[in-house]
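K.L.:
Provided herewith: run-v5.csv, CSV, C-alpha atoms.
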```csv
chain,number,residue,atom,x,y,z
A,8,MET,CA,-8.0,-17.6,17.6
A,9,THR,CA,-6.0,-20.5,19.2
A,10,ARG,CA,-2.3,-20.5,19.5
A,11,VAL,CA,-1.0,-23.7,17.8
A,12,VAL,CA,2.5,-25.2,17.5
A,13,LEU,CA,3.4,-27.6,14.7
A,14,SER,CA,6.5,-29.4,13.6
A,15,ILE,CA,7.5,-29.8,9.9
A,16,GLY,CA,10.1,-32.2,8.6
A,17,SER,CA,11.5,-33.9,5.5
A,18,ASN,CA,14.1,-36.6,4.8
A,19,LEU,CA,13.4,-37.3,1.1
A,20,GLY,CA,14.2,-35.4,-2.1
A,21,GLY,CA,14.8,-31.6,-1.8
A,22,ARG,CA,14.5,-31.4,1.9
A,23,GLU,CA,15.0,-27.6,2.2
A,24,ALA,CA,12.6,-26.9,-0.6
A,25,HIS,CA,10.0,-29.1,1.1
A,26,ILE,CA,10.5,-27.3,4.4
A,27,GLU,CA,10.0,-24.0,2.6
A,28,ALA,CA,6.9,-25.2,0.9
A,29,MET,CA,5.4,-26.5,4.2
A,30,GLU,CA,6.1,-23.3,6.0
A,31,ARG,CA,4.5,-21.2,3.2
A,32,GLY,CA,1.4,-23.5,3.3
A,33,LEU,CA,1.1,-22.9,7.1
A,34,ARG,CA,1.6,-19.2,6.7
A,35,LEU,CA,-1.6,-19.1,4.5
A,36,ILE,CA,-3.7,-20.4,7.4
A,37,LEU,CA,-2.0,-19.0,10.5
A,38,VAL,CA,-1.4,-15.5,11.7
A,39,ASP,CA,1.4,-14.0,13.8
A,40,VAL,CA,3.8,-16.9,12.7
A,41,ARG,CA,7.1,-17.6,14.5
A,42,VAL,CA,9.5,-20.3,13.4
A,43,SER,CA,12.5,-22.0,15.0
A,44,GLU,CA,15.9,-22.4,13.5
A,45,LEU,CA,16.2,-25.2,10.9
A,46,MET,CA,17.5,-28.4,12.5
A,47,GLU,CA,19.1,-31.5,11.1
A,48,THR,CA,18.1,-34.5,13.2
A,49,GLU,CA,18.7,-38.3,13.2
A,50,PRO,CA,15.6,-40.4,12.5
A,51,VAL,CA,14.1,-41.8,15.7
A,52,GLY,CA,11.7,-44.8,16.0
A,53,VAL,CA,11.7,-45.6,12.3
A,54,ASP,CA,11.8,-48.8,10.3
A,55,GLY,CA,15.3,-49.5,9.0
A,56,PRO,CA,18.0,-47.0,8.0
A,57,GLN,CA,16.8,-43.7,6.7
A,58,PRO,CA,18.4,-40.3,5.7
A,59,SER,CA,18.5,-37.6,8.3
A,60,TYR,CA,15.7,-35.1,8.7
A,61,LEU,CA,15.4,-31.4,8.3
A,62,ASN,CA,13.0,-30.1,10.9
A,63,ARG,CA,11.5,-26.8,12.0
A,64,ILE,CA,8.9,-25.8,14.7
A,65,VAL,CA,6.2,-23.4,13.6
A,66,ALA,CA,3.9,-21.5,16.0
A,67,GLY,CA,1.0,-19.2,15.2
A,68,TYR,CA,-2.7,-18.5,15.7
A,69,TYR,CA,-5.4,-20.4,14.0
A,70,SER,CA,-9.1,-19.5,13.7
A,71,GLY,CA,-10.5,-23.0,13.1
A,72,GLY,CA,-10.8,-26.2,15.0
A,73,ALA,CA,-8.2,-28.9,15.7
A,74,ARG,CA,-9.7,-31.4,13.2
A,75,GLN,CA,-9.8,-28.7,10.5
A,76,LEU,CA,-6.1,-27.9,11.2
A,77,LEU,CA,-5.3,-31.6,10.8
A,78,GLU,CA,-7.0,-31.7,7.5
A,79,ALA,CA,-5.0,-28.7,6.3
A,80,CYS,CA,-1.8,-30.4,7.4
A,81,HIS,CA,-2.7,-33.5,5.4
A,82,THR,CA,-3.4,-31.4,2.4
A,83,ILE,CA,0.0,-29.7,2.6
A,84,GLU,CA,1.7,-33.1,2.9
A,85,ALA,CA,-0.2,-34.5,0.0
A,86,ARG,CA,0.7,-31.6,-2.3
A,87,LEU,CA,4.4,-32.5,-1.6
A,88,GLY,CA,4.0,-36.2,-2.5
A,89,ARG,CA,3.5,-37.6,1.0
A,90,THR,CA,2.1,-41.1,1.0
A,91,ARG,CA,0.9,-43.1,4.1
A,92,GLU,CA,1.6,-46.7,3.1
A,93,LYS,CA,4.2,-47.0,5.8
A,94,SER,CA,3.6,-45.1,9.1
A,95,LYS,CA,7.3,-45.0,10.0
A,96,GLY,CA,8.8,-44.7,6.6
A,97,ALA,CA,10.9,-41.9,5.0
A,98,ARG,CA,8.8,-39.0,3.8
A,99,THR,CA,8.9,-35.9,1.6
A,100,ALA,CA,6.8,-34.0,4.0
A,101,ASP,CA,5.7,-34.4,7.6
A,102,VAL,CA,3.4,-31.8,9.3
A,103,ASP,CA,2.4,-32.7,12.9
A,104,ILE,CA,0.3,-30.7,15.4
A,105,LEU,CA,2.2,-30.5,18.7
A,106,LEU,CA,0.0,-28.2,20.6
A,107,PHE,CA,-3.5,-26.7,20.1
A,108,GLY,CA,-3.8,-24.0,22.8
A,109,GLY,CA,-4.1,-25.6,26.2
A,110,HIS,CA,-6.4,-28.4,24.9
A,111,GLU,CA,-5.9,-32.1,25.5
A,112,ILE,CA,-7.5,-34.0,22.6
A,113,CYS,CA,-7.7,-37.8,22.0
A,114,GLU,CA,-9.7,-38.9,18.9
A,115,ASP,CA,-8.0,-42.2,18.1
A,116,THR,CA,-10.0,-43.0,15.0
A,117,PRO,CA,-7.7,-44.1,12.1
A,118,PRO,CA,-6.7,-43.2,9.5
A,119,LYS,CA,-7.0,-39.6,10.8
A,120,THR,CA,-6.0,-40.1,14.5
A,121,LEU,CA,-5.9,-36.8,16.4
A,122,VAL,CA,-4.0,-36.8,19.7
A,123,ILE,CA,-2.9,-33.5,21.2
A,124,PRO,CA,-0.4,-32.7,22.7
A,125,HIS,CA,1.6,-34.9,20.3
A,126,PRO,CA,2.5,-38.2,22.1
A,127,GLN,CA,6.2,-37.9,21.2
A,128,ILE,CA,6.8,-34.3,22.1
A,129,LEU,CA,8.8,-35.1,25.2
A,130,ASN,CA,10.8,-37.9,23.4
A,131,ARG,CA,12.0,-35.7,20.5
A,132,ARG,CA,14.8,-33.3,21.3
A,133,PHE,CA,14.2,-31.2,18.2
A,134,CYS,CA,10.6,-30.6,19.3
A,135,LEU,CA,11.7,-29.3,22.7
A,136,GLU,CA,14.6,-27.3,21.2
A,137,GLY,CA,12.3,-25.7,18.6
A,138,LEU,CA,9.4,-25.2,21.0
A,139,ALA,CA,11.7,-23.3,23.4
A,140,GLN,CA,12.8,-21.0,20.6
A,141,VAL,CA,9.3,-20.0,19.4
A,142,GLY,CA,8.0,-19.6,23.0
A,143,SER,CA,9.8,-20.9,26.0
A,144,HIS,CA,6.9,-19.7,28.1
A,145,ILE,CA,4.3,-21.9,26.3
A,146,VAL,CA,2.7,-24.4,28.6
A,147,VAL,CA,2.5,-28.0,27.6
A,148,PRO,CA,-0.6,-29.5,29.1
A,149,GLY,CA,-1.2,-33.1,30.0
A,150,LEU,CA,1.9,-35.2,29.5
A,151,GLY,CA,4.0,-32.0,30.0
A,152,GLY,CA,2.6,-31.7,33.5
A,153,GLY,CA,1.7,-28.1,32.9
A,154,ARG,CA,5.3,-27.1,32.6
A,155,THR,CA,6.6,-24.6,30.1
A,156,ALA,CA,8.6,-25.4,27.0
A,157,GLY,CA,11.7,-23.8,28.7
A,158,GLU,CA,11.3,-26.0,31.8
A,159,LEU,CA,10.8,-29.1,29.8
A,160,LEU,CA,14.0,-28.4,27.8
A,161,LYS,CA,16.0,-27.9,31.0
A,162,ASN,CA,14.7,-31.2,32.4
A,163,ILE,CA,15.0,-33.2,29.1
A,164,SER,CA,15.1,-36.9,29.4
A,165,ALA,CA,18.4,-38.8,28.9
A,166,GLU,CA,16.9,-40.5,25.8
A,167,ALA,CA,16.0,-37.2,24.1
A,168,ALA,CA,19.2,-35.5,25.2
A,169,ALA,CA,21.2,-38.2,23.5
A,170,GLN,CA,19.6,-37.5,20.1
A,171,ASN,CA,21.8,-35.6,17.6
A,172,VAL,CA,20.4,-32.2,16.6
A,173,SER,CA,22.4,-29.8,14.5
A,174,PHE,CA,21.2,-26.2,14.0
A,175,VAL,CA,21.7,-25.3,10.3
A,176,GLY,CA,20.0,-21.8,10.3
A,177,ARG,CA,16.8,-20.4,9.1
A,178,GLY,CA,17.1,-21.9,5.6
A,179,HIS,CA,16.4,-18.6,3.9
A,180,GLU,CA,20.1,-17.6,3.3
A,181,LYS,CA,19.6,-16.9,-0.4
A,182,MET,CA,16.5,-14.8,0.0
A,183,ASP,CA,17.9,-12.9,3.1
A,184,SER,CA,21.3,-12.1,1.6
A,185,GLU,CA,20.4,-11.4,-2.0
A,186,PHE,CA,16.8,-10.1,-1.9
A,187,LYS,CA,17.2,-6.4,-1.0
A,188,LEU,CA,15.0,-3.9,-2.7
A,189,PRO,CA,16.5,-0.8,-4.2
A,190,PRO,CA,16.4,2.2,-1.9
A,191,HIS,CA,13.8,4.0,-4.1
A,192,ILE,CA,11.2,1.3,-3.5
A,193,ASN,CA,9.4,2.0,-0.2
A,194,TYR,CA,5.9,1.1,-1.3
A,195,LEU,CA,5.5,-2.1,-3.4
A,196,CYS,CA,2.1,-3.4,-4.7
A,197,ILE,CA,1.3,-6.9,-5.9
A,198,GLU,CA,-1.8,-6.9,-8.2
A,199,GLY,CA,-3.8,-9.4,-10.2
A,200,VAL,CA,-7.2,-10.9,-10.6
A,201,ILE,CA,-9.0,-12.8,-7.9
A,202,GLY,CA,-7.3,-16.2,-7.5
A,203,VAL,CA,-4.0,-15.4,-9.0
A,204,GLY,CA,-2.1,-15.5,-5.7
A,205,LYS,CA,-1.3,-11.9,-5.0
A,206,THR,CA,-2.0,-12.0,-1.3
A,207,SER,CA,0.0,-15.2,-0.9
A,208,LEU,CA,3.0,-13.5,-2.6
A,209,CYS,CA,2.5,-10.4,-0.3
A,210,ASN,CA,2.7,-12.6,2.8
A,211,ILE,CA,5.8,-14.4,1.6
A,212,LEU,CA,7.7,-11.2,0.6
A,213,GLY,CA,6.5,-9.4,3.7
A,214,GLU,CA,8.1,-12.1,5.9
A,215,ARG,CA,11.4,-12.1,3.9
A,216,LEU,CA,11.6,-8.3,3.8
A,217,ASN,CA,10.3,-7.5,7.3
A,218,ALA,CA,7.6,-5.3,5.6
A,219,ARG,CA,4.3,-3.9,6.8
A,220,LEU,CA,1.4,-5.4,4.9
A,221,ALA,CA,-1.6,-3.4,3.5
A,222,LEU,CA,-3.9,-6.3,2.5
A,223,GLU,CA,-7.3,-5.8,1.0
A,224,GLU,CA,-10.1,-6.4,3.5
A,225,VAL,CA,-12.1,-8.8,1.3
A,226,ASP,CA,-13.6,-10.9,4.0
A,227,GLY,CA,-15.0,-7.9,5.9
A,228,ASN,CA,-17.3,-6.7,3.0
A,229,PRO,CA,-20.8,-7.7,4.2
A,230,PHE,CA,-22.2,-7.3,0.6
A,231,LEU,CA,-19.7,-9.6,-1.2
A,232,ALA,CA,-21.4,-12.9,-1.0
A,233,LYS,CA,-24.7,-11.3,-2.0
A,234,PHE,CA,-23.0,-9.6,-4.9
A,235,TYR,CA,-21.7,-12.9,-6.3
A,236,ALA,CA,-25.2,-14.3,-6.1
A,237,ASN,CA,-26.9,-11.2,-7.6
A,238,ARG,CA,-24.4,-8.8,-9.2
A,239,ARG,CA,-26.8,-6.2,-10.4
A,240,LEU,CA,-28.7,-5.8,-7.2
A,241,TYR,CA,-25.7,-5.5,-4.8
A,242,ALA,CA,-23.1,-3.9,-7.1
A,243,PHE,CA,-23.2,-0.3,-5.8
A,244,GLN,CA,-23.1,-1.2,-2.1
A,245,THR,CA,-20.3,-3.7,-2.7
A,246,GLN,CA,-18.3,-1.2,-4.7
A,247,LEU,CA,-18.7,1.7,-2.4
A,248,TRP,CA,-17.7,-0.4,0.6
A,249,PHE,CA,-14.5,-1.4,-1.2
A,250,LEU,CA,-13.7,2.1,-2.3
A,251,LEU,CA,-14.0,3.6,1.2
A,252,SER,CA,-12.2,0.7,2.8
A,253,ARG,CA,-9.3,1.0,0.4
A,254,TYR,CA,-9.1,4.7,0.8
A,255,ARG,CA,-9.0,4.5,4.6
A,256,GLN,CA,-6.3,1.9,4.5
A,257,LEU,CA,-4.0,3.5,1.9
A,258,THR,CA,-4.2,7.0,3.5
A,259,GLY,CA,-3.6,5.6,7.0
A,260,ALA,CA,-0.4,4.8,8.9
A,261,ALA,CA,0.1,1.4,7.1
A,262,VAL,CA,1.3,3.2,3.9
A,263,GLU,CA,2.1,6.8,4.7
A,264,GLN,CA,4.1,6.5,7.9
A,265,ARG,CA,7.3,4.5,8.4
A,266,ASP,CA,8.9,3.5,11.7
A,267,LEU,CA,12.2,2.2,12.9
A,268,PHE,CA,11.2,-1.4,12.3
A,269,HIS,CA,9.5,-1.2,8.8
A,270,SER,CA,10.8,0.9,6.0
A,271,LEU,CA,8.8,-1.0,3.4
A,272,THR,CA,5.1,-1.4,2.8
A,273,ILE,CA,3.7,-4.2,0.6
A,274,GLY,CA,0.1,-4.1,-0.6
A,275,ASP,CA,-2.0,-6.5,-2.6
A,276,TYR,CA,-3.9,-3.8,-4.5
A,277,ILE,CA,-3.6,-0.3,-5.9
A,278,PHE,CA,-6.4,2.2,-5.4
A,279,ASP,CA,-6.7,2.9,-9.1
A,280,LYS,CA,-7.9,-0.6,-9.9
A,281,ASP,CA,-11.1,0.0,-8.0
A,282,ARG,CA,-12.4,1.6,-11.2
A,283,ILE,CA,-12.0,-1.7,-13.1
A,284,PHE,CA,-14.8,-3.2,-11.0
A,285,ALA,CA,-16.9,-0.1,-11.0
A,286,SER,CA,-16.9,0.2,-14.8
A,287,MET,CA,-17.9,-3.5,-15.1
A,288,ASN,CA,-20.7,-3.5,-12.5
A,289,LEU,CA,-22.1,0.1,-12.3
A,290,GLN,CA,-24.3,2.0,-14.8
A,291,GLY,CA,-25.9,5.4,-15.2
A,292,GLU,CA,-26.4,7.5,-12.1
A,293,GLU,CA,-24.6,4.9,-9.9
A,294,MET,CA,-21.5,5.2,-12.1
A,295,GLU,CA,-21.7,9.0,-12.1
A,296,LEU,CA,-21.9,9.1,-8.3
A,297,TYR,CA,-19.0,6.6,-8.0
A,298,ASP,CA,-16.9,8.7,-10.3
A,299,SER,CA,-17.4,11.9,-8.2
A,300,ILE,CA,-16.6,10.1,-5.0
A,301,ALA,CA,-13.5,8.2,-6.3
A,302,GLY,CA,-12.2,11.4,-8.1
A,303,ALA,CA,-12.2,13.3,-4.9
A,304,LEU,CA,-10.6,10.5,-2.9
A,305,GLU,CA,-7.8,9.4,-5.2
A,306,LYS,CA,-6.0,12.7,-5.1
A,307,SER,CA,-4.7,12.0,-1.6
A,308,VAL,CA,-3.8,8.3,-2.1
A,309,PRO,CA,-0.1,7.6,-2.4
A,310,LYS,CA,1.3,6.0,-5.6
A,311,PRO,CA,3.4,2.8,-5.4
A,312,ASP,CA,7.1,2.9,-6.2
A,313,LEU,CA,6.6,-0.4,-8.1
A,314,VAL,CA,3.6,-2.4,-9.2
A,315,VAL,CA,3.9,-6.2,-9.8
A,316,TYR,CA,1.0,-7.5,-11.9
A,317,LEU,CA,0.4,-11.2,-11.7
A,318,GLN,CA,-1.2,-12.5,-14.9
A,319,ALA,CA,-2.9,-15.8,-15.5
A,320,SER,CA,-5.4,-17.4,-17.9
A,321,THR,CA,-9.0,-17.6,-16.9
A,322,GLU,CA,-8.7,-21.4,-16.7
A,323,THR,CA,-5.9,-21.1,-14.2
A,324,LEU,CA,-7.7,-18.6,-12.1
A,325,VAL,CA,-10.9,-20.7,-11.9
A,326,ARG,CA,-8.8,-23.8,-10.8
A,327,ARG,CA,-7.0,-21.8,-8.1
A,328,ILE,CA,-10.3,-20.3,-6.8
A,329,GLU,CA,-11.8,-23.8,-6.6
A,330,LYS,CA,-8.7,-25.1,-4.8
A,331,ARG,CA,-8.9,-22.6,-2.0
A,332,ALA,CA,-12.6,-23.1,-1.5
A,333,ARG,CA,-13.7,-19.9,0.1
A,334,ALA,CA,-17.4,-20.0,1.0
A,335,PHE,CA,-18.3,-16.5,-0.3
A,336,GLU,CA,-16.7,-17.4,-3.7
A,337,ASN,CA,-19.0,-20.4,-4.4
A,338,ASP,CA,-21.3,-18.4,-6.7
A,339,ILE,CA,-18.7,-16.8,-8.9
A,340,ASP,CA,-19.3,-17.8,-12.5
A,341,ILE,CA,-16.6,-18.4,-15.1
A,342,GLU,CA,-17.9,-15.7,-17.5
A,343,TYR,CA,-17.5,-13.1,-14.8
A,344,ILE,CA,-13.9,-14.2,-14.1
A,345,ASP,CA,-13.1,-14.1,-17.8
A,346,GLU,CA,-14.6,-10.6,-18.1
A,347,LEU,CA,-12.7,-9.5,-15.1
A,348,ASN,CA,-9.4,-11.0,-16.4
A,349,GLN,CA,-9.8,-9.2,-19.7
A,350,ALA,CA,-10.5,-5.9,-17.9
A,351,TYR,CA,-7.4,-6.3,-15.7
A,352,ASN,CA,-5.1,-7.1,-18.7
A,353,SER,CA,-6.4,-4.0,-20.6
A,354,PHE,CA,-6.0,-1.8,-17.5
A,355,PHE,CA,-2.4,-2.8,-16.8
A,356,PHE,CA,-1.3,-2.8,-20.4
A,357,HIS,CA,-2.1,0.9,-20.3
A,358,TYR,CA,-1.0,1.6,-16.8
A,359,THR,CA,1.5,4.5,-16.5
A,360,ASP,CA,1.3,5.9,-12.9
A,361,SER,CA,4.1,3.7,-11.5
A,362,PRO,CA,6.9,1.4,-12.8
A,363,LEU,CA,5.3,-1.9,-13.7
A,364,LEU,CA,6.5,-5.5,-13.7
A,365,ILE,CA,4.2,-8.0,-15.4
A,366,ILE,CA,4.4,-11.7,-14.4
A,367,ASP,CA,2.8,-14.7,-16.2
A,368,THR,CA,2.0,-17.1,-13.4
A,369,ASN,CA,0.4,-19.9,-15.3
A,370,GLU,CA,3.4,-22.2,-14.9
A,371,VAL,CA,5.1,-20.8,-11.8
A,372,ASP,CA,4.3,-21.4,-8.2
A,373,PHE,CA,5.7,-18.9,-5.7
A,374,VAL,CA,4.2,-20.6,-2.7
A,375,GLU,CA,5.7,-24.1,-3.2
A,376,GLU,CA,8.6,-23.6,-5.5
A,377,VAL,CA,11.7,-21.9,-4.0
A,378,ARG,CA,13.2,-21.5,-7.4
A,379,ASP,CA,10.3,-19.5,-8.8
A,380,LEU,CA,10.3,-17.2,-5.8
A,381,ASP,CA,14.0,-16.6,-6.0
A,382,GLU,CA,13.8,-15.8,-9.7
A,383,LEU,CA,10.9,-13.4,-9.2
A,384,ALA,CA,12.9,-11.7,-6.4
A,385,GLU,CA,15.8,-11.1,-8.8
A,386,GLN,CA,13.5,-9.4,-11.2
A,387,ILE,CA,12.0,-7.2,-8.6
A,388,VAL,CA,15.4,-6.2,-7.4
A,389,SER,CA,16.5,-5.2,-10.9
A,390,ALA,CA,13.5,-3.0,-11.5
A,391,ARG,CA,14.5,0.6,-12.3
A,392,PRO,CA,12.5,3.8,-11.9
A,393,GLY,CA,10.6,4.7,-15.0
A,394,THR,CA,11.0,1.3,-16.6
A,395,ASN,CA,8.3,-1.3,-17.2
A,396,PHE,CA,9.0,-5.0,-17.5
A,397,TYR,CA,7.0,-7.5,-19.4
A,398,LYS,CA,7.2,-11.3,-19.5
A,399,PRO,CA,5.4,-12.7,-22.6
A,400,LEU,CA,2.4,-14.9,-21.8
A,401,GLY,CA,3.3,-18.6,-21.8
A,402,ALA,CA,7.0,-18.3,-21.3
A,403,ARG,CA,8.2,-20.7,-18.6
A,404,ASN,CA,11.5,-19.2,-17.4
A,405,ILE,CA,11.0,-16.1,-15.4
A,406,ASN,CA,14.5,-15.0,-16.5
A,407,SER,CA,13.1,-14.5,-20.1
A,408,TYR,CA,11.8,-11.1,-19.1
A,409,VAL,CA,12.7,-8.3,-21.5
A,410,THR,CA,13.2,-4.8,-20.2
A,411,ASP,CA,11.1,-3.0,-22.7
A,412,SER,CA,8.5,-0.4,-22.3
A,413,ILE,CA,4.9,-1.6,-22.8
A,414,VAL,CA,3.3,1.8,-22.9
```
Starting from the file, give its structure as structure tokens.
P.N.:
Amino acid sequence: MTRVVLSIGSNLGGREAHIEAMERGLRLILVDVRVSELMETEPVGVDGPQPSYLNRIVAGYYSGGARQLLEACHTIEARLGRTREKSKGARTADVDILLFGGHEICEDTPPKTLVIPHPQILNRRFCLEGLAQVGSHIVVPGLGGGRTAGELLKNISAEAAAQNVSFVGRGHEKMDSEFKLPPHINYLCIEGVIGVGKTSLCNILGERLNARLALEEVDGNPFLAKFYANRRLYAFQTQLWFLLSRYRQLTGAAVEQRDLFHSLTIGDYIFDKDRIFASMNLQGEEMELYDSIAGALEKSVPKPDLVVYLQASTETLVRRIEKRARAFENDIDIEYIDELNQAYNSFFFHYTDSPLLIIDTNEVDFVEEVRDLDELAEQIVSARPGTNFYKPLGARNINSYVTDSIV
């Protein structure tokens, strides 16, 4: 893992919404993320008069290479309507790599030039201000002379010091002030079929609520890629690995113990749903053996205080799976996704072990749309013990939920 530092900015359209969307996109590919305050800055080195920018510095750890990170940044920009006809024009989204570990990189091959550290890092006051916030001890190699971010800020150039930078806060005031879960919810689970976005939503809510995350260890299953290529041959090994992995995690400290810093745990699965996959993929003696093991384990697994089930059509799921392009998912066929989707819907329409909130996600985007996330948050906050909430499939407005039992 390499520690990376990036800057994100916007001076067109809904600037704060664009900043939110860029940050969420980066949180999907980085771990241990830290962000600076939100800053409003005057445009520097641009063509003609432009609106002021909102900027933020984002630091985290990345598992890929610098060129791969650059491609990811361009993808985030493109999704927010960024065009590159003018190199110094106004823009909806701007994601720049400032630092990539202690590396100095110069690959000046347009249109995807890669120069690290960023050539303008010392000439942009907001870069130095934000960098000092996310890690004043971080060393800037090369043009920084090996000095730390804190040292560079103290010795800022007269040109950079003269630039106007206004700190306008984190930019999450609505979520921070209004999204407080009821005291009876200490263990929240987000559920749904592969590709629906449950882990993305967990990461977003976990950050907003300062929660511990209990995320499914999908990538660690050594049988999963083989299972997608030959379901019948590798079904039992795959299923047993998941069963034991989920049991260890959900009966461990991540869920059962709280500390002074985390009173809430958010997970992207419930233990009970493991049987959905088992009933689809196991037969005969394998299923009987699975039932005996699962039955003995599930008695000691804690139940969630609230389950949020993210629902989507098979077409939507397939599109999202293709978009994220995970290597081990290349061999998943549409028929399997459709069968799995139907099994999930049936399971949760009869689920009674915890209060349940069902969300149709076909036309909502919690990652890139602040409005959708805020509206979902309001529904989670309003959840009451013993009540199930259902949003009819195909309704666009999240506020069209009806508080009516579905069991």
K.L.:
Counting all atoms listed in the file, figure out which residue out of A:Ile341, A:Phe284, A:Glu346, A:Glu44 gets nearest to Val175 in chain A.
P.N.:
A:Glu44
K.L.:
Quick one: distance from CA of Asn369 in chain A to CA of Tyr276 in chain A in Å, one decimal?
P.N.:
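According to the coordinates, CA of Asn369 in chain A and CA of Tyr276 in chain A are separated by 19.9 Å.
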K.L.:
Which residues are near range 204-206 of chain A? Cut-off 8 Å, all atoms listed in the file, ignore same chain within fewer than 3 positions. Put them as a PDB file with C-alpha atoms, keeping the file's coordinate frame.
P.N.:
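The result, stored in result.pdb:
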```pdb
ATOM      1  CA  ILE A 197       1.300  -6.900  -5.900  1.00  0.00           C
ATOM      2  CA  GLU A 198      -1.800  -6.900  -8.200  1.00  0.00           C
ATOM      3  CA  GLY A 199      -3.800  -9.400 -10.200  1.00  0.00           C
ATOM      4  CA  ILE A 201      -9.000 -12.800  -7.900  1.00  0.00           C
ATOM      5  CA  CYS A 209       2.500 -10.400  -0.300  1.00  0.00           C
ATOM      6  CA  ASN A 210       2.700 -12.600   2.800  1.00  0.00           C
ATOM      7  CA  LEU A 222      -3.900  -6.300   2.500  1.00  0.00           C
ATOM      8  CA  ASP A 275      -2.000  -6.500  -2.600  1.00  0.00           C
ATOM      9  CA  LEU A 317       0.400 -11.200 -11.700  1.00  0.00           C
TER      10      LEU A 317
END
```
K.L.:
Here is a test: counting only C-alpha atoms, which residue of A:Gly88, A:Gly16, A:Gly202, A:Gly108 is nearest to Leu324 in chain A?
P.N.:
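With only C-alpha atoms as the atom set, the closest residue is A:Gly202.
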K.L.:
Taking (-5.3, 9.6, -3.5) as a centre in this file's frame and 12 Å as the limit, can you find every polymer residue with an atom that close, using all atoms listed in the file, and give them as a CSV table (one decimal) with C-alpha atoms, in the frame of the given file?
P.N.:
```
chain,number,residue,atom,x,y,z
A,250,LEU,CA,-13.7,2.1,-2.3
A,251,LEU,CA,-14.0,3.6,1.2
A,253,ARG,CA,-9.3,1.0,0.4
A,254,TYR,CA,-9.1,4.7,0.8
A,255,ARG,CA,-9.0,4.5,4.6
A,256,GLN,CA,-6.3,1.9,4.5
A,257,LEU,CA,-4.0,3.5,1.9
A,258,THR,CA,-4.2,7.0,3.5
A,259,GLY,CA,-3.6,5.6,7.0
A,262,VAL,CA,1.3,3.2,3.9
A,263,GLU,CA,2.1,6.8,4.7
A,277,ILE,CA,-3.6,-0.3,-5.9
A,278,PHE,CA,-6.4,2.2,-5.4
A,279,ASP,CA,-6.7,2.9,-9.1
A,300,ILE,CA,-16.6,10.1,-5.0
A,301,ALA,CA,-13.5,8.2,-6.3
A,302,GLY,CA,-12.2,11.4,-8.1
A,303,ALA,CA,-12.2,13.3,-4.9
A,304,LEU,CA,-10.6,10.5,-2.9
A,305,GLU,CA,-7.8,9.4,-5.2
A,306,LYS,CA,-6.0,12.7,-5.1
A,307,SER,CA,-4.7,12.0,-1.6
A,308,VAL,CA,-3.8,8.3,-2.1
A,309,PRO,CA,-0.1,7.6,-2.4
A,310,LYS,CA,1.3,6.0,-5.6
A,311,PRO,CA,3.4,2.8,-5.4
```
K.L.:
Counting all atoms listed in the file, note down every residue that has an atom within 6 Å of the point (20.2, -38.8, 14.5) (file coordinates), as number ranges by chain.
P.N.:
A: 48-50, 170-171
K.L.:
Work out how far apart CA of Ser59 in chain A and CA of Ala168 in chain A are and give it in Å to one decimal.
P.N.:
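According to the coordinates, CA of Ser59 in chain A and CA of Ala168 in chain A are separated by 17.0 Å.
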K.L.:
Do you have the CA of Val315 in chain A-CA of Ile328 in chain A distance handy?
P.N.:
20.2 Å
K.L.:
Here is a test: counting all atoms listed in the file, which residue of A:Ile123, A:Val11, A:Leu138, A:Val325 is nearest to Gly71 in chain A?
P.N.:
A:Val11
K.L.:
Of the residues A:Glu385, A:Asp101, A:Glu158, A:Glu30, which is the one nearest to His144 in chain A, using all atoms listed in the file?
P.N.:
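For His144 in chain A, the nearest of the candidates is A:Glu158.
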K.L.:
From the options A:Leu208, A:Met287, A:Ala28, A:Leu195, which residue's atoms come nearest to Ser361 in chain A, counting all atoms listed in the file?
P.N.:
A:Leu195
K.L.:
Can you tell me, as a compact mmCIF listing (two decimals) with C-alpha atoms, keeping the file's coordinate frame, what residues are no more than 8 Å from His25 in chain A when counting all atoms listed in the file, ignoring any on the same chain fewer than 2 positions away?
P.N.:
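That gives us part.txt:
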```
# COMPACT_ATOMS: atom_id res chain seq x y z
CA SER A 17 11.50 -33.90 5.50
CA GLY A 21 14.80 -31.60 -1.80
CA ARG A 22 14.50 -31.40 1.90
CA GLU A 23 15.00 -27.60 2.20
CA GLU A 27 10.00 -24.00 2.60
CA ALA A 28 6.90 -25.20 0.90
CA MET A 29 5.40 -26.50 4.20
CA LEU A 87 4.40 -32.50 -1.60
CA THR A 99 8.90 -35.90 1.60
CA ALA A 100 6.80 -34.00 4.00
CA GLU A 375 5.70 -24.10 -3.20
```
K.L.:
Return the single residue from A:Ile211, A:Ala384, A:Val51, A:Val200 that is closest to Ile344 in chain A, with distances computed using only C-alpha atoms.
P.N.:
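Selected residue with least distance to Ile344 in chain A: A:Val200.
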K.L.:
Excluding Ala156 in chain A and its own-chain neighbours fewer than 6 positions away, which residues fall within 12 Å of it when counting all atoms listed in the file? Please give them as a list in words.
P.N.:
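Within the cut-off, the hits are Val12, Leu105, Leu106, Ile128, Leu129, Arg132, Phe133, Cys134, Leu135, Glu136, Gly137, Leu138, Ala139, Gln140, Val141, Gly142, Ser143, His144, Ile145, Val146, Val147, Pro148, Asn162 and Ile163 of chain A.
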